[in-house]
Amino acid sequence: MWSDALNAPRARDGKAPDVLHQGGWVEMREYRDTEEVDFVIVGTGAGGGTLAARLAEQGFSVVAMDAGGWFRPIEEFASDETAQEMIYWNDHRVTDGANPLTMGGNNSGKAIGGSTVHYAMVALRFRPEWFKSRTLLGYGADWPIDWREMWHWYAEAERQLSIAGPLSYPWGPKRGRYPFRAHELNGAAKLLAEGAQKTGIEWTETPLATLSAPYRDANGTSPPCVYRGFCRFGCSTNAKRSSLTVFIPRALAAGAEVRDLAMVGKIETGPDGRATGVHYHRDGEWRFQKAKNVIVAGYAVETPRLLLNSANDRFPDGLANSSGLVGKNLMTQSNSAVWGRMDTPVRSYKGPPSLAISEHWNYDDNNDFHGGYLWLGQGPMPIEWAGVLTGAKGLWGDALREEMRDYNHMVGVKMVGETLPNEANRVTLADDVDQYGLKVARITFSYGDNDKAMIDHALQQMRASIDAVDASDIFDQPDDNCHLGGTIRMGDDPTTSVVNADGRSWDIPNLWVCDGSLFPTVGGVNPSLTIYALALRMADRIGEMSKRGELYRCRM
Amino acid sequence: MAEKPSFPGYDTMARRDTQSWNEPTRQAIDARLSVPREPRFFTVEEWDCADALCQLIIPGVIDPPLVALLDAALHDGDGHGTRTQTVPYRREAWRQGVNALDSCARGSHGKPFAQLGKDDQSALLETIQRGEPTAGQWGAMEPQDFFKRCVLGDIPALFYSLPQAWNEIGFGGPASPRGYVRLELGHRDPWEAAEVGPDGDSDTVERKNRHVV
Ligand SMILES: Cc1cc2nc3c(=O)[nH]c(=O)nc-3n(C[C@H](O)[C@H](O)[C@H](O)COP(=O)(O)OP(=O)(O)OC[C@H]3O[C@@H](n4cnc5c(N)ncnc54)[C@H](O)[C@@H]3O)c2cc1C
Ligand code: SF4
């Protein structure tokens, strides 16, 4: 194995990998396990990495841990679908329900930087009404945060991530200019645009978290995107703006300690019912880090799993679970697609896969289903494409090999669709244990009638768009799911939510959650920008609360 | 239907020492092409059955044989770490699956799967794919789900991880640090596969494909 990032922890002895420099190391502050740090953060993805940086920058003592390895993309990432499996969460899990979710590379990362190491960088804001979908649109649950407040944090996240986007965005309330200019469209994006124009709906260049011009700050430089197309398998040039390349370097510079290959197995609580720290596995042994506050940011499956696995005599149903809602209301986003064949080679493997977008159906309420969806241009790599043909058409043998030869000619659009919260869709504990001896997550999911009606509508609309560009051999890929959300609902009422608007547990005031599991509803857009924005907001709120003395034994 | 695209003379490996391949990619592909060609996960009998299965799913001469890549993948790890109610974790599923296939073949033809003729092998797979009953012992595993998740989920993925497969479909292959410059529909970077038709006649294309470095 060319990368030893998974053999032994790299962040130790006062230094950590410098992801922005080949072979580089940066100084890292370290804390003893017995030192009661202000915050221990579990997970370093969109939520955890962002929070680690912003809390450390305000002067808090922070230790962030991640079960995954610490890679330096520019010297360790191959341009290869198989070799890059090392950045996915492929530990054991159980899936069931009527529509067992596909897990792994399509929705779960395991690395310093979390799933943002291999995300497709689509950086979108929610539609404002979705923050009050119950009140305004009649479905789901209201968020405890006003859209205008989120608008501020979205802009902040876009600035800090140097999002490259269009001059003006066609949908929703006015927003400022994106910090970087939009990327050039590839063939697949041009066809999405043509399809939209011919069917009379709007489209635009997708706002993306990859650089369209060089970037430099105190921590180092990043080059613009070279359109190599392997984004979902890790970006080997560092053009991608992620928790790994943006927030982790900032966290280190501000004095946070970040521990790689550190799997948290249990959160401990004290006699007063407060969290006292975390048990974690690193370097072959179990250790205990003391902390004044624990923040869980492990994403929608691992976060509830950890809270449930932390059950003790005082909290027999798991931590923060007086509402009984920990693990419930798991949502995914439907990810069905329509494909067709063009006479001209499209070579959609070039460039970020989703350079063009239509959010038309997110802003139309005249449908017989609740919620919305968008669609994005696609650029499947060969193994993914083989998966589409075997999955959607059941092909094998000569039929598969022949049809694969059309690879360069294929074009497709893929939805990201809202699914509605439903308590029966949930994360619980299975009896199987993982390599650390911890009970694994059981993930139960079934689409509801509303979800299915939306998928049918989307397939029809996407078909029309692909048909409009004169593609031939058009076919549907009806079954696919992507991003996750829910399981630790945020809200205004302790009986109907697990945490409040600040991600703070109603039951245990020094236990917090900051990741995609907070979402009361997932909307019809990719989630990462909303998670970044929530984390920025939460860090700011924690700073204020600390000044007012509202944090448990922790005051700046 | 239009004739299938062809890319005469195209060899992804010609770019191995160019700006399109970085060191981790070279190491990953080198390791893949030099995978051990003997069983480490499977028993010899299981290997023979899995080998026959691989050759049915992706027919033709393939080097290294896909069964070697499958055995190596299962030897090195447990793959995509989810199990469902009907298909166990990958290692267990594959071991059960090939033994079940053999038991089907023995049940209906009195000999192991690998010794059946191609037609009988294909007929058995089609039966399984359609979800119809077989003569074998599958235990708690659902044959149709095993076929979908493991057989179709894993074997094609092994083939399309090989440069040989990329040549066949005209995929640009590894692309870092150089990436691509010509994104426009139908435009081709000089280091991408040329296709007969859009990029010229057979001779022209073959000449272009000799210079994709
Ligand atoms: C292939 C792919 C493409 C995507 N594309 C997009 C896109 O284009 N746009 C978009 O907005 N979103 C996209 N997403 C989704 C986005 O990446 C996630 O929604 C987002 O990263 C979730 O952030 P998070 O902080 O909740 O969790 P993550 O980013 O997943 O981070 C969680 C981290 O916690 C760690 N962890 C979990 N449990 C423990 C534990 N017990 N101990 C220690 N560490 C632990 C994990 O190892 C992981 O690193 C994509 C995701 C994938 C997988
Ligand atoms: S296309 Fe751009 S963002 Fe994607 S992997 Fe390549 S350089 Fe990185």
# chains A, B, ... in the order shown; residues from 1 in each chain; ligands from 1
call {"tool": "closest_atom_pairs", "arguments": {"of": "chain A", "to": "ligand 2", "cutoff": "10 Å", "atoms": "only C-alpha atoms and all ligand atoms", "output": "tab-separated table"}}
result
residue	atom	partner	partner_atom_place_in_ligand_line	distance
A:Pro73	CA	ligand 2	8 (Fe)	9.9
A:Phe77	CA	ligand 2	5 (S)	9.8
A:Ser79	CA	ligand 2	5 (S)	8.6
A:His118	CA	ligand 2	5 (S)	8.8
A:Tyr119	CA	ligand 2	4 (Fe)	9.4
A:Ala120	CA	ligand 2	4 (Fe)	7.6
A:Met121	CA	ligand 2	3 (S)	7.7
A:His183	CA	ligand 2	2 (Fe)	9.9
A:Leu208	CA	ligand 2	3 (S)	8.8
A:Ala209	CA	ligand 2	3 (S)	7.8
A:Thr210	CA	ligand 2	3 (S)	5.1
A:Leu211	CA	ligand 2	3 (S)	7.5
A:Ser212	CA	ligand 2	2 (Fe)	8.9
A:Pro223	CA	ligand 2	7 (S)	8.4
A:Pro224	CA	ligand 2	7 (S)	7.1
A:Cys225	CA	ligand 2	2 (Fe)	3.8
A:Val226	CA	ligand 2	7 (S)	4.5
A:Tyr227	CA	ligand 2	1 (S)	3.6
A:Arg228	CA	ligand 2	6 (Fe)	4.0
A:Gly229	CA	ligand 2	1 (S)	4.0
A:Phe230	CA	ligand 2	5 (S)	4.6
A:Cys231	CA	ligand 2	5 (S)	3.6
A:Arg232	CA	ligand 2	5 (S)	7.2
A:Phe233	CA	ligand 2	5 (S)	7.5
A:Gly234	CA	ligand 2	5 (S)	6.2
A:Cys235	CA	ligand 2	5 (S)	3.7
A:Ser236	CA	ligand 2	5 (S)	6.1
A:Thr237	CA	ligand 2	7 (S)	5.4
A:Asn238	CA	ligand 2	8 (Fe)	6.3
A:Ala239	CA	ligand 2	8 (Fe)	5.1
A:Lys240	CA	ligand 2	3 (S)	4.6
A:Arg241	CA	ligand 2	3 (S)	8.1
A:Tyr349	CA	ligand 2	1 (S)	9.1
A:Lys350	CA	ligand 2	1 (S)	7.1
A:Gly351	CA	ligand 2	1 (S)	4.5
A:Pro352	CA	ligand 2	1 (S)	4.4
A:Pro353	CA	ligand 2	1 (S)	7.8
call {"tool": "residues_near_ligand", "arguments": {"ligand": "ligand 1", "cutoff": "6 Å", "atoms": "only C-alpha atoms and all ligand atoms", "output": "PDB file with N, CA, C and O atoms, in the first residue's frame"}}
result
ATOM      1  N   VAL A  42     -16.330  14.892  17.784  1.00  0.00           N
ATOM      2  CA  VAL A  42     -16.259  13.557  17.184  1.00  0.00           C
ATOM      3  C   VAL A  42     -16.628  13.667  15.708  1.00  0.00           C
ATOM      4  O   VAL A  42     -17.790  13.907  15.374  1.00  0.00           O
ATOM      5  N   GLY A  43     -15.620  13.516  14.828  1.00  0.00           N
ATOM      6  CA  GLY A  43     -15.868  13.653  13.393  1.00  0.00           C
ATOM      7  C   GLY A  43     -15.315  14.968  12.879  1.00  0.00           C
ATOM      8  O   GLY A  43     -15.400  16.008  13.555  1.00  0.00           O
ATOM      9  N   THR A  44     -14.713  14.937  11.697  1.00  0.00           N
ATOM     10  CA  THR A  44     -14.061  16.139  11.163  1.00  0.00           C
ATOM     11  C   THR A  44     -14.556  16.501   9.766  1.00  0.00           C
ATOM     12  O   THR A  44     -13.824  17.031   8.947  1.00  0.00           O
ATOM     13  N   GLY A  45     -15.815  16.156   9.460  1.00  0.00           N
ATOM     14  CA  GLY A  45     -16.372  16.471   8.146  1.00  0.00           C
ATOM     15  C   GLY A  45     -16.903  17.886   8.068  1.00  0.00           C
ATOM     16  O   GLY A  45     -16.388  18.809   8.724  1.00  0.00           O
ATOM     17  N   ALA A  46     -17.974  18.052   7.268  1.00  0.00           N
ATOM     18  CA  ALA A  46     -18.515  19.391   7.045  1.00  0.00           C
ATOM     19  C   ALA A  46     -18.891  20.059   8.363  1.00  0.00           C
ATOM     20  O   ALA A  46     -18.646  21.255   8.563  1.00  0.00           O
ATOM     21  N   GLY A  47     -19.468  19.293   9.292  1.00  0.00           N
ATOM     22  CA  GLY A  47     -19.841  19.880  10.578  1.00  0.00           C
ATOM     23  C   GLY A  47     -18.653  19.987  11.516  1.00  0.00           C
ATOM     24  O   GLY A  47     -18.308  21.069  12.001  1.00  0.00           O
ATOM     25  N   GLY A  48     -17.995  18.851  11.792  1.00  0.00           N
ATOM     26  CA  GLY A  48     -16.945  18.805  12.804  1.00  0.00           C
ATOM     27  C   GLY A  48     -15.701  19.603  12.460  1.00  0.00           C
ATOM     28  O   GLY A  48     -15.125  20.292  13.320  1.00  0.00           O
ATOM     29  N   MET A  65     -11.560  14.443  16.823  1.00  0.00           N
ATOM     30  CA  MET A  65     -11.133  13.071  16.530  1.00  0.00           C
ATOM     31  C   MET A  65     -11.888  12.541  15.323  1.00  0.00           C
ATOM     32  O   MET A  65     -13.065  12.840  15.134  1.00  0.00           O
ATOM     33  N   ASP A  66     -11.204  11.729  14.537  1.00  0.00           N
ATOM     34  CA  ASP A  66     -11.888  11.058  13.435  1.00  0.00           C
ATOM     35  C   ASP A  66     -11.384   9.629  13.309  1.00  0.00           C
ATOM     36  O   ASP A  66     -10.188   9.370  13.438  1.00  0.00           O
ATOM     37  N   ALA A  67     -12.302   8.729  13.034  1.00  0.00           N
ATOM     38  CA  ALA A  67     -11.948   7.322  12.888  1.00  0.00           C
ATOM     39  C   ALA A  67     -11.085   7.086  11.647  1.00  0.00           C
ATOM     40  O   ALA A  67     -10.378   6.084  11.550  1.00  0.00           O
ATOM     41  N   GLY A  68     -11.145   8.007  10.693  1.00  0.00           N
ATOM     42  CA  GLY A  68     -10.456   7.813   9.419  1.00  0.00           C
ATOM     43  C   GLY A  68      -9.013   8.297   9.433  1.00  0.00           C
ATOM     44  O   GLY A  68      -8.525   8.835  10.420  1.00  0.00           O
ATOM     45  N   GLY A 105     -19.502   4.425  -0.450  1.00  0.00           N
ATOM     46  CA  GLY A 105     -18.938   5.530  -1.224  1.00  0.00           C
ATOM     47  C   GLY A 105     -19.950   6.594  -1.608  1.00  0.00           C
ATOM     48  O   GLY A 105     -19.602   7.762  -1.761  1.00  0.00           O
ATOM     49  N   ASN A 106     -21.221   6.213  -1.774  1.00  0.00           N
ATOM     50  CA  ASN A 106     -22.193   7.199  -2.238  1.00  0.00           C
ATOM     51  C   ASN A 106     -22.673   8.133  -1.135  1.00  0.00           C
ATOM     52  O   ASN A 106     -23.333   9.116  -1.399  1.00  0.00           O
ATOM     53  N   ASN A 107     -22.387   7.834   0.118  1.00  0.00           N
ATOM     54  CA  ASN A 107     -22.875   8.744   1.162  1.00  0.00           C
ATOM     55  C   ASN A 107     -22.067   8.763   2.455  1.00  0.00           C
ATOM     56  O   ASN A 107     -22.422   9.495   3.361  1.00  0.00           O
ATOM     57  N   SER A 108     -21.000   7.998   2.583  1.00  0.00           N
ATOM     58  CA  SER A 108     -20.314   7.960   3.859  1.00  0.00           C
ATOM     59  C   SER A 108     -18.797   7.981   3.703  1.00  0.00           C
ATOM     60  O   SER A 108     -18.214   7.039   3.168  1.00  0.00           O
ATOM     61  N   GLY A 109     -18.208   9.029   4.220  1.00  0.00           N
ATOM     62  CA  GLY A 109     -16.753   9.120   4.193  1.00  0.00           C
ATOM     63  C   GLY A 109     -16.157   8.735   5.530  1.00  0.00           C
ATOM     64  O   GLY A 109     -16.835   8.759   6.559  1.00  0.00           O
ATOM     65  N   LYS A 110     -14.880   8.357   5.497  1.00  0.00           N
ATOM     66  CA  LYS A 110     -14.174   8.059   6.734  1.00  0.00           C
ATOM     67  C   LYS A 110     -12.739   8.523   6.535  1.00  0.00           C
ATOM     68  O   LYS A 110     -11.913   7.790   5.996  1.00  0.00           O
ATOM     69  N   ALA A 111     -12.490   9.742   6.940  1.00  0.00           N
ATOM     70  CA  ALA A 111     -11.173  10.327   6.754  1.00  0.00           C
ATOM     71  C   ALA A 111     -11.162  11.640   7.514  1.00  0.00           C
ATOM     72  O   ALA A 111     -12.231  12.172   7.830  1.00  0.00           O
ATOM     73  N   ILE A 112      -9.989  12.164   7.788  1.00  0.00           N
ATOM     74  CA  ILE A 112      -9.931  13.547   8.234  1.00  0.00           C
ATOM     75  C   ILE A 112     -10.532  14.367   7.089  1.00  0.00           C
ATOM     76  O   ILE A 112     -10.100  14.239   5.938  1.00  0.00           O
ATOM     77  N   GLY A 113     -11.566  15.155   7.405  1.00  0.00           N
ATOM     78  CA  GLY A 113     -12.298  15.859   6.343  1.00  0.00           C
ATOM     79  C   GLY A 113     -13.658  15.224   6.067  1.00  0.00           C
ATOM     80  O   GLY A 113     -14.493  15.793   5.385  1.00  0.00           O
ATOM     81  N   GLY A 114     -13.882  14.004   6.578  1.00  0.00           N
ATOM     82  CA  GLY A 114     -15.188  13.355   6.447  1.00  0.00           C
ATOM     83  C   GLY A 114     -15.597  13.132   5.005  1.00  0.00           C
ATOM     84  O   GLY A 114     -14.754  12.934   4.124  1.00  0.00           O
ATOM     85  N   SER A 115     -16.883  13.178   4.760  1.00  0.00           N
ATOM     86  CA  SER A 115     -17.398  12.924   3.408  1.00  0.00           C
ATOM     87  C   SER A 115     -17.049  14.056   2.446  1.00  0.00           C
ATOM     88  O   SER A 115     -17.223  13.908   1.236  1.00  0.00           O
ATOM     89  N   THR A 116     -16.558  15.181   2.955  1.00  0.00           N
ATOM     90  CA  THR A 116     -16.230  16.266   2.027  1.00  0.00           C
ATOM     91  C   THR A 116     -14.960  15.949   1.241  1.00  0.00           C
ATOM     92  O   THR A 116     -14.668  16.600   0.246  1.00  0.00           O
ATOM     93  N   HIS A 118     -14.609  13.345  -0.512  1.00  0.00           N
ATOM     94  CA  HIS A 118     -15.044  12.803  -1.810  1.00  0.00           C
ATOM     95  C   HIS A 118     -16.396  13.329  -2.261  1.00  0.00           C
ATOM     96  O   HIS A 118     -17.037  12.742  -3.113  1.00  0.00           O
ATOM     97  N   TYR A 119     -16.827  14.457  -1.717  1.00  0.00           N
ATOM     98  CA  TYR A 119     -18.106  14.954  -2.224  1.00  0.00           C
ATOM     99  C   TYR A 119     -17.933  15.572  -3.618  1.00  0.00           C
ATOM    100  O   TYR A 119     -16.828  15.811  -4.076  1.00  0.00           O
ATOM    101  N   ALA A 120     -19.107  15.777  -4.272  1.00  0.00           N
ATOM    102  CA  ALA A 120     -19.080  16.287  -5.636  1.00  0.00           C
ATOM    103  C   ALA A 120     -19.097  17.816  -5.664  1.00  0.00           C
ATOM    104  O   ALA A 120     -19.178  18.407  -6.734  1.00  0.00           O
ATOM    105  N   MET A 121     -19.048  18.457  -4.473  1.00  0.00           N
ATOM    106  CA  MET A 121     -18.779  19.890  -4.339  1.00  0.00           C
ATOM    107  C   MET A 121     -19.938  20.812  -4.713  1.00  0.00           C
ATOM    108  O   MET A 121     -19.787  22.025  -4.724  1.00  0.00           O
ATOM    109  N   VAL A 122     -21.091  20.229  -5.037  1.00  0.00           N
ATOM    110  CA  VAL A 122     -22.265  21.033  -5.358  1.00  0.00           C
ATOM    111  C   VAL A 122     -22.666  21.797  -4.092  1.00  0.00           C
ATOM    112  O   VAL A 122     -22.904  21.194  -3.053  1.00  0.00           O
ATOM    113  N   ALA A 123     -22.703  23.125  -4.186  1.00  0.00           N
ATOM    114  CA  ALA A 123     -22.842  23.960  -2.986  1.00  0.00           C
ATOM    115  C   ALA A 123     -24.095  24.826  -3.095  1.00  0.00           C
ATOM    116  O   ALA A 123     -24.070  25.906  -3.683  1.00  0.00           O
ATOM    117  N   ARG A 232     -15.282  12.563  -6.986  1.00  0.00           N
ATOM    118  CA  ARG A 232     -15.942  11.734  -5.981  1.00  0.00           C
ATOM    119  C   ARG A 232     -15.031  10.634  -5.436  1.00  0.00           C
ATOM    120  O   ARG A 232     -15.412   9.854  -4.592  1.00  0.00           O
ATOM    121  N   ALA A 262      -8.809   7.741  15.258  1.00  0.00           N
ATOM    122  CA  ALA A 262      -9.289   7.771  16.639  1.00  0.00           C
ATOM    123  C   ALA A 262     -10.795   7.526  16.620  1.00  0.00           C
ATOM    124  O   ALA A 262     -11.577   8.407  16.269  1.00  0.00           O
ATOM    125  N   MET A 263     -11.190   6.313  16.935  1.00  0.00           N
ATOM    126  CA  MET A 263     -12.599   5.929  16.885  1.00  0.00           C
ATOM    127  C   MET A 263     -13.236   6.097  18.252  1.00  0.00           C
ATOM    128  O   MET A 263     -12.804   5.470  19.223  1.00  0.00           O
ATOM    129  N   VAL A 264     -14.250   6.961  18.311  1.00  0.00           N
ATOM    130  CA  VAL A 264     -14.926   7.170  19.587  1.00  0.00           C
ATOM    131  C   VAL A 264     -16.003   6.097  19.757  1.00  0.00           C
ATOM    132  O   VAL A 264     -16.849   5.898  18.883  1.00  0.00           O
ATOM    133  N   GLY A 265     -15.953   5.383  20.896  1.00  0.00           N
ATOM    134  CA  GLY A 265     -16.879   4.272  21.105  1.00  0.00           C
ATOM    135  C   GLY A 265     -17.990   4.603  22.076  1.00  0.00           C
ATOM    136  O   GLY A 265     -19.063   4.010  22.040  1.00  0.00           O
ATOM    137  N   ALA A 297     -20.290  14.850  15.605  1.00  0.00           N
ATOM    138  CA  ALA A 297     -20.425  15.273  14.211  1.00  0.00           C
ATOM    139  C   ALA A 297     -20.058  14.122  13.292  1.00  0.00           C
ATOM    140  O   ALA A 297     -19.222  14.229  12.411  1.00  0.00           O
ATOM    141  N   GLY A 298     -20.693  12.971  13.509  1.00  0.00           N
ATOM    142  CA  GLY A 298     -20.340  11.744  12.774  1.00  0.00           C
ATOM    143  C   GLY A 298     -21.263  11.420  11.617  1.00  0.00           C
ATOM    144  O   GLY A 298     -21.128  10.389  11.002  1.00  0.00           O
ATOM    145  N   TYR A 299     -22.216  12.324  11.312  1.00  0.00           N
ATOM    146  CA  TYR A 299     -23.194  12.176  10.232  1.00  0.00           C
ATOM    147  C   TYR A 299     -24.362  11.297  10.666  1.00  0.00           C
ATOM    148  O   TYR A 299     -24.375  10.746  11.758  1.00  0.00           O
ATOM    149  N   GLU A 302     -23.703   7.445  12.042  1.00  0.00           N
ATOM    150  CA  GLU A 302     -22.757   7.229  13.139  1.00  0.00           C
ATOM    151  C   GLU A 302     -23.081   8.092  14.359  1.00  0.00           C
ATOM    152  O   GLU A 302     -22.782   7.701  15.486  1.00  0.00           O
ATOM    153  N   LEU A 306     -23.577   6.386  17.991  1.00  0.00           N
ATOM    154  CA  LEU A 306     -22.741   6.677  19.152  1.00  0.00           C
ATOM    155  C   LEU A 306     -23.596   7.044  20.368  1.00  0.00           C
ATOM    156  O   LEU A 306     -23.319   6.601  21.493  1.00  0.00           O
ATOM    157  N   HIS A 483     -27.369  11.334  -0.396  1.00  0.00           N
ATOM    158  CA  HIS A 483     -27.139  11.964   0.904  1.00  0.00           C
ATOM    159  C   HIS A 483     -28.116  11.536   1.996  1.00  0.00           C
ATOM    160  O   HIS A 483     -29.252  11.195   1.730  1.00  0.00           O
ATOM    161  N   ASP A 515     -24.017  18.199  12.612  1.00  0.00           N
ATOM    162  CA  ASP A 515     -23.792  17.537  11.324  1.00  0.00           C
ATOM    163  C   ASP A 515     -25.124  17.371  10.607  1.00  0.00           C
ATOM    164  O   ASP A 515     -26.141  17.931  11.040  1.00  0.00           O
ATOM    165  N   GLY A 516     -25.140  16.587   9.550  1.00  0.00           N
ATOM    166  CA  GLY A 516     -26.347  16.424   8.740  1.00  0.00           C
ATOM    167  C   GLY A 516     -27.506  15.780   9.474  1.00  0.00           C
ATOM    168  O   GLY A 516     -28.631  15.798   8.981  1.00  0.00           O
ATOM    169  N   ASN A 526     -28.438  19.341  -2.356  1.00  0.00           N
ATOM    170  CA  ASN A 526     -27.347  18.639  -1.685  1.00  0.00           C
ATOM    171  C   ASN A 526     -27.030  19.344  -0.367  1.00  0.00           C
ATOM    172  O   ASN A 526     -27.077  20.572  -0.288  1.00  0.00           O
ATOM    173  N   PRO A 527     -26.696  18.600   0.670  1.00  0.00           N
ATOM    174  CA  PRO A 527     -26.734  19.151   2.032  1.00  0.00           C
ATOM    175  C   PRO A 527     -25.491  19.893   2.532  1.00  0.00           C
ATOM    176  O   PRO A 527     -25.585  20.599   3.534  1.00  0.00           O
ATOM    177  N   SER A 528     -24.327  19.729   1.910  1.00  0.00           N
ATOM    178  CA  SER A 528     -23.111  20.140   2.622  1.00  0.00           C
ATOM    179  C   SER A 528     -23.067  21.630   2.959  1.00  0.00           C
ATOM    180  O   SER A 528     -22.631  22.009   4.045  1.00  0.00           O
ATOM    181  N   LEU A 529     -23.526  22.490   2.051  1.00  0.00           N
ATOM    182  CA  LEU A 529     -23.420  23.925   2.344  1.00  0.00           C
ATOM    183  C   LEU A 529     -24.279  24.281   3.564  1.00  0.00           C
ATOM    184  O   LEU A 529     -23.894  25.133   4.375  1.00  0.00           O
TER     185      LEU A 529
END
call {"tool": "interface_residues", "arguments": {"of": "chain A", "to": "chain B", "cutoff": "6 Å", "atoms": "only C-alpha atoms", "output": "list in words"}}
result
Glu76, Ala78, Ser79, Asn90, Asp91, His92, Arg93, Val94, Thr95, Asp96, Asn186, Gly187, Val226, Tyr227, Arg228, Thr344, Pro345, Val346, Ile383, Trp396, Gly397 and Arg405 of chain A
call {"tool": "residues_around", "arguments": {"residues": "A:Ala141", "least_positions_apart": "3", "cutoff": "10 Å", "atoms": "only C-alpha atoms", "output": "short mmCIF file (atom, residue, chain, number, x, y, z; two decimals) with N, CA and C atoms, in the first residue's frame"}}
result
data_model
loop_
_atom_site.label_atom_id
_atom_site.label_comp_id
_atom_site.auth_asym_id
_atom_site.auth_seq_id
_atom_site.Cartn_x
_atom_site.Cartn_y
_atom_site.Cartn_z
N TRP A 130 -38.45 26.16 2.96
CA TRP A 130 -38.21 24.84 3.55
C TRP A 130 -37.88 24.92 5.04
N PHE A 131 -37.39 26.05 5.49
CA PHE A 131 -37.10 26.17 6.92
C PHE A 131 -38.39 26.20 7.74
N LYS A 132 -39.52 26.45 7.05
CA LYS A 132 -40.84 26.39 7.72
C LYS A 132 -41.77 25.55 6.86
N SER A 133 -41.35 24.39 6.47
CA SER A 133 -42.14 23.61 5.51
C SER A 133 -43.48 23.18 6.10
N ARG A 134 -43.52 22.90 7.40
CA ARG A 134 -44.78 22.49 8.03
C ARG A 134 -45.78 23.65 7.98
N THR A 135 -45.33 24.84 8.39
CA THR A 135 -46.22 25.98 8.45
C THR A 135 -46.57 26.52 7.06
N LEU A 137 -45.74 25.13 3.85
CA LEU A 137 -45.99 24.23 2.73
C LEU A 137 -46.78 22.99 3.13
N GLY A 138 -47.00 22.82 4.43
CA GLY A 138 -47.90 21.75 4.86
C GLY A 138 -47.31 20.36 4.93
N PRO A 144 -35.92 25.20 13.53
CA PRO A 144 -36.00 26.23 14.57
C PRO A 144 -35.20 27.48 14.21
N LEU A 420 -39.52 12.60 2.65
CA LEU A 420 -40.16 13.17 3.84
C LEU A 420 -39.77 12.41 5.10
N PRO A 421 -39.69 13.15 6.22
CA PRO A 421 -39.36 12.48 7.47
C PRO A 421 -40.46 11.50 7.87
N ARG A 489 -33.09 15.22 15.27
CA ARG A 489 -33.83 16.40 14.84
C ARG A 489 -33.59 17.60 15.75
N MET A 490 -33.40 18.76 15.14
CA MET A 490 -33.33 20.01 15.91
C MET A 490 -34.72 20.65 15.94
N GLY A 491 -35.03 21.34 17.04
CA GLY A 491 -36.36 21.95 17.11
C GLY A 491 -36.50 22.90 18.28
N THR A 496 -40.47 17.07 20.96
CA THR A 496 -40.53 16.69 19.55
C THR A 496 -39.19 16.87 18.83
N PHE A 519 -30.95 17.92 10.50
CA PHE A 519 -31.99 18.38 9.57
C PHE A 519 -33.39 17.84 9.91
N PRO A 520 -34.36 18.72 10.23
CA PRO A 520 -35.75 18.27 10.36
C PRO A 520 -36.33 17.83 9.02
N THR A 521 -35.90 18.49 7.94
CA THR A 521 -36.27 18.10 6.57
C THR A 521 -35.01 18.25 5.72
#
call {"tool": "atom_distance", "arguments": {"atom1": "atom CA of A:Asp432", "atom2": "atom CA of A:Glu81"}}
result
28.7 Å
call {"tool": "atom_distance", "arguments": {"atom1": "atom CA of B:Pro8", "atom2": "atom CA of B:Glu206"}}
result
5.3 Å
call {"tool": "atom_distance", "arguments": {"atom1": "atom CA of A:Ala399", "atom2": "atom CA of B:Arg210"}}
result
28.7 Å
call {"tool": "select_by_dssp", "arguments": {"residues": "stretch 256-320 of chain A", "states": "strand (DSSP E or B)", "output": "JSON, numbers by chain"}}
result
{"A": [257, 258, 259, 263, 264, 265, 266, 267, 268, 269, 275, 276, 277, 278, 279, 280, 281, 282, 285, 286, 287, 288, 289, 290, 291, 292, 293, 294, 295, 296]}
call {"tool": "residues_around", "arguments": {"residues": "stretch 61-76 of chain B", "least_positions_apart": "4", "cutoff": "6 Å", "atoms": "only C-alpha atoms", "output": "number ranges by chain"}}
result
B: 37, 41, 51, 91
